[in-house]
Amino acid sequence: MKGHELDLFCVPKHYENDLDKVIIPHGLIMDRTERLARDIIRDMGGHHIVALCVLKGGYTFFADLLDYIKALNQNSDKSVPLTVDFIRVKSYCNDKSTNSVKVIGGDELSNLSGKNVLIVEDIVETGRTMETLLSLLSECNPKMVKVVSLLVKRTPRSSGYRPDYIGFEVPDAFLVGYALDYNEYFRDLSHICILNDQAKEKYKV
């Protein structure tokens, strides 16, 4: 995935000097999300789905994916009841993935017993965060658990974990945009882009 030059796209002026390339344009994200929604309904349809959003990064993808699932529900013979819940998983500080994984909101996970759970994540990097979350979930005895991640990073640090549904595989670079942040910046960028090294310093906490 080589990426595209910034001047081919509309990028907020305040970020123009912070980005190297556009990796995935917004329109392509939406098209792929629509197809993921179709695949999820095909596999999980016929059962009540609890969609579990991993905050904060996952919220934009979560909202767009649910919009497509709702549209499919309304225009199809096979519709499914859908409820939502939110969880916060913290494993980041600056651009290094920390080893500690904190799950916030985990007390309510016991409500997922006997349910079909769809975990919605923005990006899987090493896979360890998701493996931790899945082991916590398994203690609650859900009927079925599937994971959809918009992005999976190709990295030698990977544990080998692969989500059930993958939007795109991306290079091992620091990505921002479409709700992927760097210390809370870049959530207001529509495309997924590679952050340059100067910007890592500029927005460091």
# chains A, B, ... in the order shown; residues from 1 in each chain; ligands from 1

$ residues_around --residues "range 4-16 of chain A" --least-positions-apart "5" --cutoff "12 Å" --atoms "only C-alpha atoms" --output "list in words"
Lys21, Val22, Ile23, Ile24, Pro25, His26, Gly27, Val176, Gly177, Tyr178, Tyr185, Phe186, Arg187, Asp188, Leu189, Ser190, His191, Ile192, Cys193, Ile194, Leu195, Asn196, Gln198, Ala199, Lys202 and Tyr203 of chain A

$ write_last_selection --atoms "C-alpha atoms" --output "mmCIF file, in the first residue's frame"
data_model
loop_
_atom_site.group_PDB
_atom_site.id
_atom_site.type_symbol
_atom_site.label_atom_id
_atom_site.label_comp_id
_atom_site.auth_asym_id
_atom_site.auth_seq_id
_atom_site.Cartn_x
_atom_site.Cartn_y
_atom_site.Cartn_z
ATOM 1 C CA LYS A 21 0.582 10.248 2.464
ATOM 2 C CA VAL A 22 -3.102 9.396 2.310
ATOM 3 C CA ILE A 23 -3.222 5.615 2.782
ATOM 4 C CA ILE A 24 -6.997 5.023 2.582
ATOM 5 C CA PRO A 25 -9.318 7.736 1.229
ATOM 6 C CA HIS A 26 -12.623 8.270 3.024
ATOM 7 C CA GLY A 27 -14.766 7.030 0.128
ATOM 8 C CA VAL A 176 -4.028 8.902 11.892
ATOM 9 C CA GLY A 177 -7.409 10.075 10.655
ATOM 10 C CA TYR A 178 -10.967 8.729 10.482
ATOM 11 C CA TYR A 185 -5.309 15.021 17.532
ATOM 12 C CA PHE A 186 -6.360 13.994 13.972
ATOM 13 C CA ARG A 187 -9.797 12.627 14.861
ATOM 14 C CA ASP A 188 -11.152 15.414 12.618
ATOM 15 C CA LEU A 189 -9.335 14.107 9.518
ATOM 16 C CA SER A 190 -11.574 12.094 7.152
ATOM 17 C CA HIS A 191 -8.910 9.999 5.400
ATOM 18 C CA ILE A 192 -6.478 7.537 6.983
ATOM 19 C CA CYS A 193 -2.977 8.981 6.584
ATOM 20 C CA ILE A 194 0.620 8.334 7.611
ATOM 21 C CA LEU A 195 1.882 10.748 10.268
ATOM 22 C CA ASN A 196 5.326 12.224 9.623
ATOM 23 C CA GLN A 198 8.000 16.078 12.772
ATOM 24 C CA ALA A 199 4.333 15.782 13.722
ATOM 25 C CA LYS A 202 4.920 18.472 17.531
ATOM 26 C CA TYR A 203 1.934 16.705 19.161
#

$ select_by_dssp --residues "range 50-166 of chain A" --states "helix (DSSP H, G or I)" --output "ChimeraX atom specification"
/A:59-74,106-112,128-138

$ residues_around --residues "Cys140 in chain A" --least-positions-apart "2" --cutoff "8 Å" --atoms "only C-alpha atoms" --output "list of chain:residue names"
A:Leu109, A:Ser110, A:Asn111, A:Leu112, A:Ser113, A:Leu136, A:Leu137, A:Ser138, A:Pro142

$ write_last_selection --atoms "N, CA and C atoms" --output "PDB file, in the first residue's frame"
ATOM      1  N   LEU A 109     -19.747  -6.322  31.414  1.00  0.00           N
ATOM      2  CA  LEU A 109     -19.561  -7.421  30.455  1.00  0.00           C
ATOM      3  C   LEU A 109     -20.378  -8.652  30.839  1.00  0.00           C
ATOM      4  N   SER A 110     -20.705  -8.784  32.121  1.00  0.00           N
ATOM      5  CA  SER A 110     -21.492  -9.948  32.569  1.00  0.00           C
ATOM      6  C   SER A 110     -22.868  -9.981  31.900  1.00  0.00           C
ATOM      7  N   ASN A 111     -23.354  -8.801  31.432  1.00  0.00           N
ATOM      8  CA  ASN A 111     -24.651  -8.755  30.733  1.00  0.00           C
ATOM      9  C   ASN A 111     -24.622  -9.456  29.380  1.00  0.00           C
ATOM     10  N   LEU A 112     -23.425  -9.819  28.913  1.00  0.00           N
ATOM     11  CA  LEU A 112     -23.306 -10.398  27.575  1.00  0.00           C
ATOM     12  C   LEU A 112     -23.470 -11.915  27.581  1.00  0.00           C
ATOM     13  N   SER A 113     -23.740 -12.485  28.735  1.00  0.00           N
ATOM     14  CA  SER A 113     -23.928 -13.939  28.831  1.00  0.00           C
ATOM     15  C   SER A 113     -25.051 -14.408  27.902  1.00  0.00           C
ATOM     16  N   LEU A 136     -11.331 -11.926  28.638  1.00  0.00           N
ATOM     17  CA  LEU A 136     -12.261 -11.372  29.628  1.00  0.00           C
ATOM     18  C   LEU A 136     -13.710 -11.698  29.241  1.00  0.00           C
ATOM     19  N   LEU A 137     -14.007 -11.556  27.958  1.00  0.00           N
ATOM     20  CA  LEU A 137     -15.361 -11.821  27.475  1.00  0.00           C
ATOM     21  C   LEU A 137     -15.751 -13.283  27.636  1.00  0.00           C
ATOM     22  N   SER A 138     -14.800 -14.177  27.393  1.00  0.00           N
ATOM     23  CA  SER A 138     -15.125 -15.612  27.449  1.00  0.00           C
ATOM     24  C   SER A 138     -15.593 -16.020  28.847  1.00  0.00           C
ATOM     25  N   PRO A 142     -20.607 -15.599  26.527  1.00  0.00           N
ATOM     26  CA  PRO A 142     -21.473 -15.196  25.427  1.00  0.00           C
ATOM     27  C   PRO A 142     -21.728 -16.398  24.511  1.00  0.00           C
TER      28      PRO A 142
END

$ atom_distance --atom1 "CA of Gly3 in chain A" --atom2 "CA of Ser149 in chain A"
20.0 Å

$ residues_around --residues "Val54 in chain A" --least-positions-apart "4" --cutoff "6 Å" --atoms "only C-alpha atoms" --output "PyMOL selection string"
chain A and resi 58+87-88+121

$ select_by_dssp --residues "range 25-170 of chain A" --states "strand (DSSP E)" --output "count of residues only"
53

$ closest_residue --among "A:Leu55, A:Val120, A:Leu19, A:Leu66" --to "Val103 in chain A" --atoms "only C-alpha atoms"
A:Leu55

$ residues_around --residues "range 160-175 of chain A" --least-positions-apart "2" --cutoff "6 Å" --atoms "only C-alpha atoms" --output "PDB file with all heavy atoms, in the first residue's frame"
ATOM      1  N   GLY A 127      -2.278  -7.347  18.414  1.00  0.00           N
ATOM      2  CA  GLY A 127      -3.335  -8.329  18.683  1.00  0.00           C
ATOM      3  C   GLY A 127      -3.485  -8.643  20.161  1.00  0.00           C
ATOM      4  O   GLY A 127      -4.457  -9.262  20.573  1.00  0.00           O
ATOM      5  N   LYS A 146     -17.688 -12.359  17.632  1.00  0.00           N
ATOM      6  CA  LYS A 146     -16.973 -12.078  16.383  1.00  0.00           C
ATOM      7  C   LYS A 146     -16.333 -10.707  16.527  1.00  0.00           C
ATOM      8  O   LYS A 146     -16.877  -9.827  17.207  1.00  0.00           O
ATOM      9  CB  LYS A 146     -17.928 -12.053  15.187  1.00  0.00           C
ATOM     10  CG  LYS A 146     -18.633 -13.370  14.927  1.00  0.00           C
ATOM     11  CD  LYS A 146     -17.880 -14.215  13.943  1.00  0.00           C
ATOM     12  CE  LYS A 146     -18.675 -15.428  13.513  1.00  0.00           C
ATOM     13  NZ  LYS A 146     -17.841 -16.385  12.789  1.00  0.00           N
ATOM     14  N   VAL A 147     -15.193 -10.529  15.875  1.00  0.00           N
ATOM     15  CA  VAL A 147     -14.478  -9.258  15.939  1.00  0.00           C
ATOM     16  C   VAL A 147     -14.354  -8.687  14.533  1.00  0.00           C
ATOM     17  O   VAL A 147     -13.955  -9.392  13.602  1.00  0.00           O
ATOM     18  CB  VAL A 147     -13.065  -9.437  16.541  1.00  0.00           C
ATOM     19  CG1 VAL A 147     -12.302  -8.114  16.549  1.00  0.00           C
ATOM     20  CG2 VAL A 147     -13.149 -10.010  17.952  1.00  0.00           C
ATOM     21  N   VAL A 148     -14.730  -7.414  14.388  1.00  0.00           N
ATOM     22  CA  VAL A 148     -14.480  -6.705  13.132  1.00  0.00           C
ATOM     23  C   VAL A 148     -13.529  -5.557  13.430  1.00  0.00           C
ATOM     24  O   VAL A 148     -13.722  -4.803  14.386  1.00  0.00           O
ATOM     25  CB  VAL A 148     -15.791  -6.194  12.473  1.00  0.00           C
ATOM     26  CG1 VAL A 148     -16.613  -5.307  13.396  1.00  0.00           C
ATOM     27  CG2 VAL A 148     -15.494  -5.462  11.164  1.00  0.00           C
ATOM     28  N   SER A 149     -12.471  -5.458  12.624  1.00  0.00           N
ATOM     29  CA  SER A 149     -11.534  -4.344  12.767  1.00  0.00           C
ATOM     30  C   SER A 149     -11.367  -3.689  11.405  1.00  0.00           C
ATOM     31  O   SER A 149     -11.152  -4.378  10.400  1.00  0.00           O
ATOM     32  CB  SER A 149     -10.181  -4.840  13.283  1.00  0.00           C
ATOM     33  OG  SER A 149      -9.299  -3.744  13.463  1.00  0.00           O
ATOM     34  N   LEU A 150     -11.490  -2.378  11.382  1.00  0.00           N
ATOM     35  CA  LEU A 150     -11.317  -1.675  10.110  1.00  0.00           C
ATOM     36  C   LEU A 150      -9.918  -1.912   9.560  1.00  0.00           C
ATOM     37  O   LEU A 150      -9.741  -2.143   8.366  1.00  0.00           O
ATOM     38  CB  LEU A 150     -11.561  -0.171  10.307  1.00  0.00           C
ATOM     39  CG  LEU A 150     -11.337   0.684   9.061  1.00  0.00           C
ATOM     40  CD1 LEU A 150     -12.354   0.334   7.968  1.00  0.00           C
ATOM     41  CD2 LEU A 150     -11.396   2.165   9.387  1.00  0.00           C
ATOM     42  N   LEU A 151      -8.916  -1.890  10.452  1.00  0.00           N
ATOM     43  CA  LEU A 151      -7.526  -2.020  10.012  1.00  0.00           C
ATOM     44  C   LEU A 151      -6.806  -3.118  10.783  1.00  0.00           C
ATOM     45  O   LEU A 151      -7.057  -3.315  11.968  1.00  0.00           O
ATOM     46  CB  LEU A 151      -6.769  -0.708  10.238  1.00  0.00           C
ATOM     47  CG  LEU A 151      -7.381   0.565   9.648  1.00  0.00           C
ATOM     48  CD1 LEU A 151      -6.604   1.785  10.102  1.00  0.00           C
ATOM     49  CD2 LEU A 151      -7.436   0.494   8.135  1.00  0.00           C
ATOM     50  N   VAL A 152      -5.914  -3.817  10.081  1.00  0.00           N
ATOM     51  CA  VAL A 152      -4.974  -4.730  10.738  1.00  0.00           C
ATOM     52  C   VAL A 152      -3.583  -4.346  10.248  1.00  0.00           C
ATOM     53  O   VAL A 152      -3.345  -4.226   9.047  1.00  0.00           O
ATOM     54  CB  VAL A 152      -5.268  -6.211  10.401  1.00  0.00           C
ATOM     55  CG1 VAL A 152      -4.144  -7.110  10.903  1.00  0.00           C
ATOM     56  CG2 VAL A 152      -6.586  -6.635  11.039  1.00  0.00           C
ATOM     57  N   LYS A 153      -2.704  -4.109  11.208  1.00  0.00           N
ATOM     58  CA  LYS A 153      -1.363  -3.653  10.862  1.00  0.00           C
ATOM     59  C   LYS A 153      -0.447  -4.858  10.621  1.00  0.00           C
ATOM     60  O   LYS A 153      -0.437  -5.794  11.413  1.00  0.00           O
ATOM     61  CB  LYS A 153      -0.827  -2.792  12.009  1.00  0.00           C
ATOM     62  CG  LYS A 153       0.351  -1.946  11.611  1.00  0.00           C
ATOM     63  CD  LYS A 153       0.741  -0.983  12.726  1.00  0.00           C
ATOM     64  CE  LYS A 153       0.094   0.366  12.571  1.00  0.00           C
ATOM     65  NZ  LYS A 153       0.722   1.402  13.408  1.00  0.00           N
ATOM     66  N   ARG A 154       0.291  -4.794   9.503  1.00  0.00           N
ATOM     67  CA  ARG A 154       1.298  -5.830   9.240  1.00  0.00           C
ATOM     68  C   ARG A 154       2.549  -5.467  10.036  1.00  0.00           C
ATOM     69  O   ARG A 154       3.254  -4.515   9.692  1.00  0.00           O
ATOM     70  CB  ARG A 154       1.641  -5.871   7.740  1.00  0.00           C
ATOM     71  CG  ARG A 154       0.536  -6.404   6.859  1.00  0.00           C
ATOM     72  CD  ARG A 154       1.020  -6.660   5.435  1.00  0.00           C
ATOM     73  NE  ARG A 154       1.406  -5.429   4.763  1.00  0.00           N
ATOM     74  CZ  ARG A 154       0.565  -4.656   4.069  1.00  0.00           C
ATOM     75  NH1 ARG A 154      -0.703  -4.982   3.955  1.00  0.00           N
ATOM     76  NH2 ARG A 154       1.004  -3.551   3.483  1.00  0.00           N
ATOM     77  N   THR A 155       2.805  -6.196  11.102  1.00  0.00           N
ATOM     78  CA  THR A 155       3.938  -5.863  11.969  1.00  0.00           C
ATOM     79  C   THR A 155       4.596  -7.130  12.494  1.00  0.00           C
ATOM     80  O   THR A 155       3.912  -8.106  12.814  1.00  0.00           O
ATOM     81  CB  THR A 155       3.475  -4.981  13.161  1.00  0.00           C
ATOM     82  OG1 THR A 155       4.548  -4.880  14.116  1.00  0.00           O
ATOM     83  CG2 THR A 155       2.258  -5.546  13.870  1.00  0.00           C
ATOM     84  N   SER A 158       3.347  -8.675  15.811  1.00  0.00           N
ATOM     85  CA  SER A 158       2.023  -9.304  15.912  1.00  0.00           C
ATOM     86  C   SER A 158       2.083 -10.624  16.662  1.00  0.00           C
ATOM     87  O   SER A 158       3.020 -11.404  16.509  1.00  0.00           O
ATOM     88  CB  SER A 158       1.464  -9.555  14.506  1.00  0.00           C
ATOM     89  OG  SER A 158       0.305 -10.352  14.582  1.00  0.00           O
ATOM     90  N   CYS A 193      -4.250   8.472   7.111  1.00  0.00           N
ATOM     91  CA  CYS A 193      -2.977   8.981   6.584  1.00  0.00           C
ATOM     92  C   CYS A 193      -1.803   8.505   7.440  1.00  0.00           C
ATOM     93  O   CYS A 193      -1.982   8.086   8.580  1.00  0.00           O
ATOM     94  CB  CYS A 193      -2.979  10.508   6.594  1.00  0.00           C
ATOM     95  SG  CYS A 193      -4.336  11.244   5.662  1.00  0.00           S
ATOM     96  N   ILE A 194      -0.605   8.617   6.849  1.00  0.00           N
ATOM     97  CA  ILE A 194       0.620   8.334   7.611  1.00  0.00           C
ATOM     98  C   ILE A 194       1.109   9.640   8.239  1.00  0.00           C
ATOM     99  O   ILE A 194       1.228  10.662   7.558  1.00  0.00           O
ATOM    100  CB  ILE A 194       1.722   7.759   6.695  1.00  0.00           C
ATOM    101  CG1 ILE A 194       1.304   6.385   6.175  1.00  0.00           C
ATOM    102  CG2 ILE A 194       3.047   7.649   7.453  1.00  0.00           C
ATOM    103  CD1 ILE A 194       2.327   5.728   5.268  1.00  0.00           C
ATOM    104  N   LEU A 195       1.372   9.591   9.526  1.00  0.00           N
ATOM    105  CA  LEU A 195       1.882  10.748  10.268  1.00  0.00           C
ATOM    106  C   LEU A 195       3.389  10.866  10.033  1.00  0.00           C
ATOM    107  O   LEU A 195       4.104   9.867  10.059  1.00  0.00           O
ATOM    108  CB  LEU A 195       1.606  10.530  11.759  1.00  0.00           C
ATOM    109  CG  LEU A 195       1.824  11.705  12.699  1.00  0.00           C
ATOM    110  CD1 LEU A 195       0.777  12.782  12.455  1.00  0.00           C
ATOM    111  CD2 LEU A 195       1.768  11.242  14.144  1.00  0.00           C
TER     112      LEU A 195
END

$ atom_distance --atom1 "CA of Asn116 in chain A" --atom2 "CA of Leu134 in chain A"
13.2 Å

$ atom_distance --atom1 "CA of Arg35 in chain A" --atom2 "CA of Val89 in chain A"
26.2 Å

$ residues_around --residues "Asp64 in chain A" --least-positions-apart "5" --cutoff "9 Å" --atoms "only C-alpha atoms" --output "list in words"
Met30, Thr33, Glu34, Tyr59 and Ile69 of chain A

$ decode --residues "range 163-196 of chain A" --atoms "N, CA and C atoms" --output "mmCIF file, in the first residue's frame"
data_model
loop_
_atom_site.group_PDB
_atom_site.id
_atom_site.type_symbol
_atom_site.label_atom_id
_atom_site.label_comp_id
_atom_site.auth_asym_id
_atom_site.auth_seq_id
_atom_site.Cartn_x
_atom_site.Cartn_y
_atom_site.Cartn_z
ATOM 1 N N PRO A 163 -8.599 -10.820 13.323
ATOM 2 C CA PRO A 163 -10.044 -10.656 13.547
ATOM 3 C C PRO A 163 -10.849 -11.483 12.542
ATOM 4 N N ASP A 164 -12.140 -11.668 12.833
ATOM 5 C CA ASP A 164 -13.021 -12.415 11.925
ATOM 6 C C ASP A 164 -13.289 -11.633 10.647
ATOM 7 N N TYR A 165 -13.379 -10.310 10.780
ATOM 8 C CA TYR A 165 -13.630 -9.439 9.631
ATOM 9 C C TYR A 165 -12.593 -8.326 9.623
ATOM 10 N N ILE A 166 -11.958 -8.134 8.469
ATOM 11 C CA ILE A 166 -10.893 -7.133 8.349
ATOM 12 C C ILE A 166 -11.235 -6.190 7.207
ATOM 13 N N GLY A 167 -11.162 -4.877 7.485
ATOM 14 C CA GLY A 167 -11.391 -3.901 6.424
ATOM 15 C C GLY A 167 -10.207 -3.822 5.482
ATOM 16 N N PHE A 168 -9.050 -3.443 6.039
ATOM 17 C CA PHE A 168 -7.835 -3.282 5.240
ATOM 18 C C PHE A 168 -6.625 -3.741 6.050
ATOM 19 N N GLU A 169 -5.630 -4.293 5.355
ATOM 20 C CA GLU A 169 -4.317 -4.506 5.974
ATOM 21 C C GLU A 169 -3.469 -3.288 5.649
ATOM 22 N N VAL A 170 -2.757 -2.795 6.636
ATOM 23 C CA VAL A 170 -2.000 -1.552 6.454
ATOM 24 C C VAL A 170 -0.552 -1.747 6.884
ATOM 25 N N PRO A 171 0.363 -0.905 6.348
ATOM 26 C CA PRO A 171 1.782 -1.040 6.703
ATOM 27 C C PRO A 171 2.048 -0.652 8.155
ATOM 28 N N ASP A 172 3.216 -1.018 8.624
ATOM 29 C CA ASP A 172 3.608 -0.770 10.011
ATOM 30 C C ASP A 172 4.133 0.663 10.152
ATOM 31 N N ALA A 173 3.222 1.619 9.955
ATOM 32 C CA ALA A 173 3.543 3.043 10.116
ATOM 33 C C ALA A 173 2.537 3.605 11.104
ATOM 34 N N PHE A 174 2.804 4.813 11.622
ATOM 35 C CA PHE A 174 1.841 5.389 12.560
ATOM 36 C C PHE A 174 0.757 6.108 11.773
ATOM 37 N N LEU A 175 -0.476 5.613 11.887
ATOM 38 C CA LEU A 175 -1.594 6.095 11.079
ATOM 39 C C LEU A 175 -2.518 6.980 11.907
ATOM 40 N N VAL A 176 -3.064 8.005 11.244
ATOM 41 C CA VAL A 176 -4.028 8.902 11.892
ATOM 42 C C VAL A 176 -5.172 9.184 10.917
ATOM 43 N N GLY A 177 -6.266 9.685 11.476
ATOM 44 C CA GLY A 177 -7.409 10.075 10.655
ATOM 45 C C GLY A 177 -8.551 9.090 10.767
ATOM 46 N N TYR A 178 -9.747 9.532 10.353
ATOM 47 C CA TYR A 178 -10.967 8.729 10.482
ATOM 48 C C TYR A 178 -11.044 8.124 11.896
ATOM 49 N N ALA A 179 -10.878 8.993 12.888
ATOM 50 C CA ALA A 179 -10.976 8.640 14.317
ATOM 51 C C ALA A 179 -9.743 7.950 14.887
ATOM 52 N N LEU A 180 -8.709 7.694 14.084
ATOM 53 C CA LEU A 180 -7.436 7.240 14.662
ATOM 54 C C LEU A 180 -6.690 8.492 15.113
ATOM 55 N N ASP A 181 -6.361 8.549 16.379
ATOM 56 C CA ASP A 181 -5.759 9.789 16.887
ATOM 57 C C ASP A 181 -4.287 9.614 17.224
ATOM 58 N N TYR A 182 -3.634 10.732 17.427
ATOM 59 C CA TYR A 182 -2.314 10.753 18.053
ATOM 60 C C TYR A 182 -2.424 11.757 19.191
ATOM 61 N N ASN A 183 -2.464 11.221 20.415
ATOM 62 C CA ASN A 183 -2.675 12.066 21.602
ATOM 63 C C ASN A 183 -3.872 13.013 21.418
ATOM 64 N N GLU A 184 -4.967 12.456 20.924
ATOM 65 C CA GLU A 184 -6.269 13.113 20.720
ATOM 66 C C GLU A 184 -6.354 14.002 19.478
ATOM 67 N N TYR A 185 -5.245 14.261 18.781
ATOM 68 C CA TYR A 185 -5.309 15.021 17.532
ATOM 69 C C TYR A 185 -5.648 14.095 16.363
ATOM 70 N N PHE A 186 -6.094 14.672 15.264
ATOM 71 C CA PHE A 186 -6.360 13.994 13.972
ATOM 72 C C PHE A 186 -7.668 13.206 13.924
ATOM 73 N N ARG A 187 -8.484 13.287 14.963
ATOM 74 C CA ARG A 187 -9.797 12.627 14.861
ATOM 75 C C ARG A 187 -10.698 13.364 13.859
ATOM 76 N N ASP A 188 -10.349 14.599 13.536
ATOM 77 C CA ASP A 188 -11.152 15.414 12.618
ATOM 78 C C ASP A 188 -10.634 15.351 11.177
ATOM 79 N N LEU A 189 -9.862 14.315 10.870
ATOM 80 C CA LEU A 189 -9.335 14.107 9.518
ATOM 81 C C LEU A 189 -10.102 12.935 8.901
ATOM 82 N N SER A 190 -10.678 13.122 7.711
ATOM 83 C CA SER A 190 -11.574 12.094 7.152
ATOM 84 C C SER A 190 -10.839 10.874 6.593
ATOM 85 N N HIS A 191 -9.656 11.095 6.025
ATOM 86 C CA HIS A 191 -8.910 9.999 5.400
ATOM 87 C C HIS A 191 -7.944 9.387 6.410
ATOM 88 N N ILE A 192 -7.524 8.153 6.147
ATOM 89 C CA ILE A 192 -6.478 7.537 6.983
ATOM 90 C C ILE A 192 -5.133 7.850 6.332
ATOM 91 N N CYS A 193 -4.250 8.472 7.111
ATOM 92 C CA CYS A 193 -2.977 8.981 6.584
ATOM 93 C C CYS A 193 -1.803 8.505 7.440
ATOM 94 N N ILE A 194 -0.605 8.617 6.849
ATOM 95 C CA ILE A 194 0.620 8.334 7.611
ATOM 96 C C ILE A 194 1.109 9.640 8.239
ATOM 97 N N LEU A 195 1.372 9.591 9.526
ATOM 98 C CA LEU A 195 1.882 10.748 10.268
ATOM 99 C C LEU A 195 3.389 10.866 10.033
ATOM 100 N N ASN A 196 3.874 12.083 9.792
ATOM 101 C CA ASN A 196 5.326 12.224 9.623
ATOM 102 C C ASN A 196 6.030 12.422 10.967
#
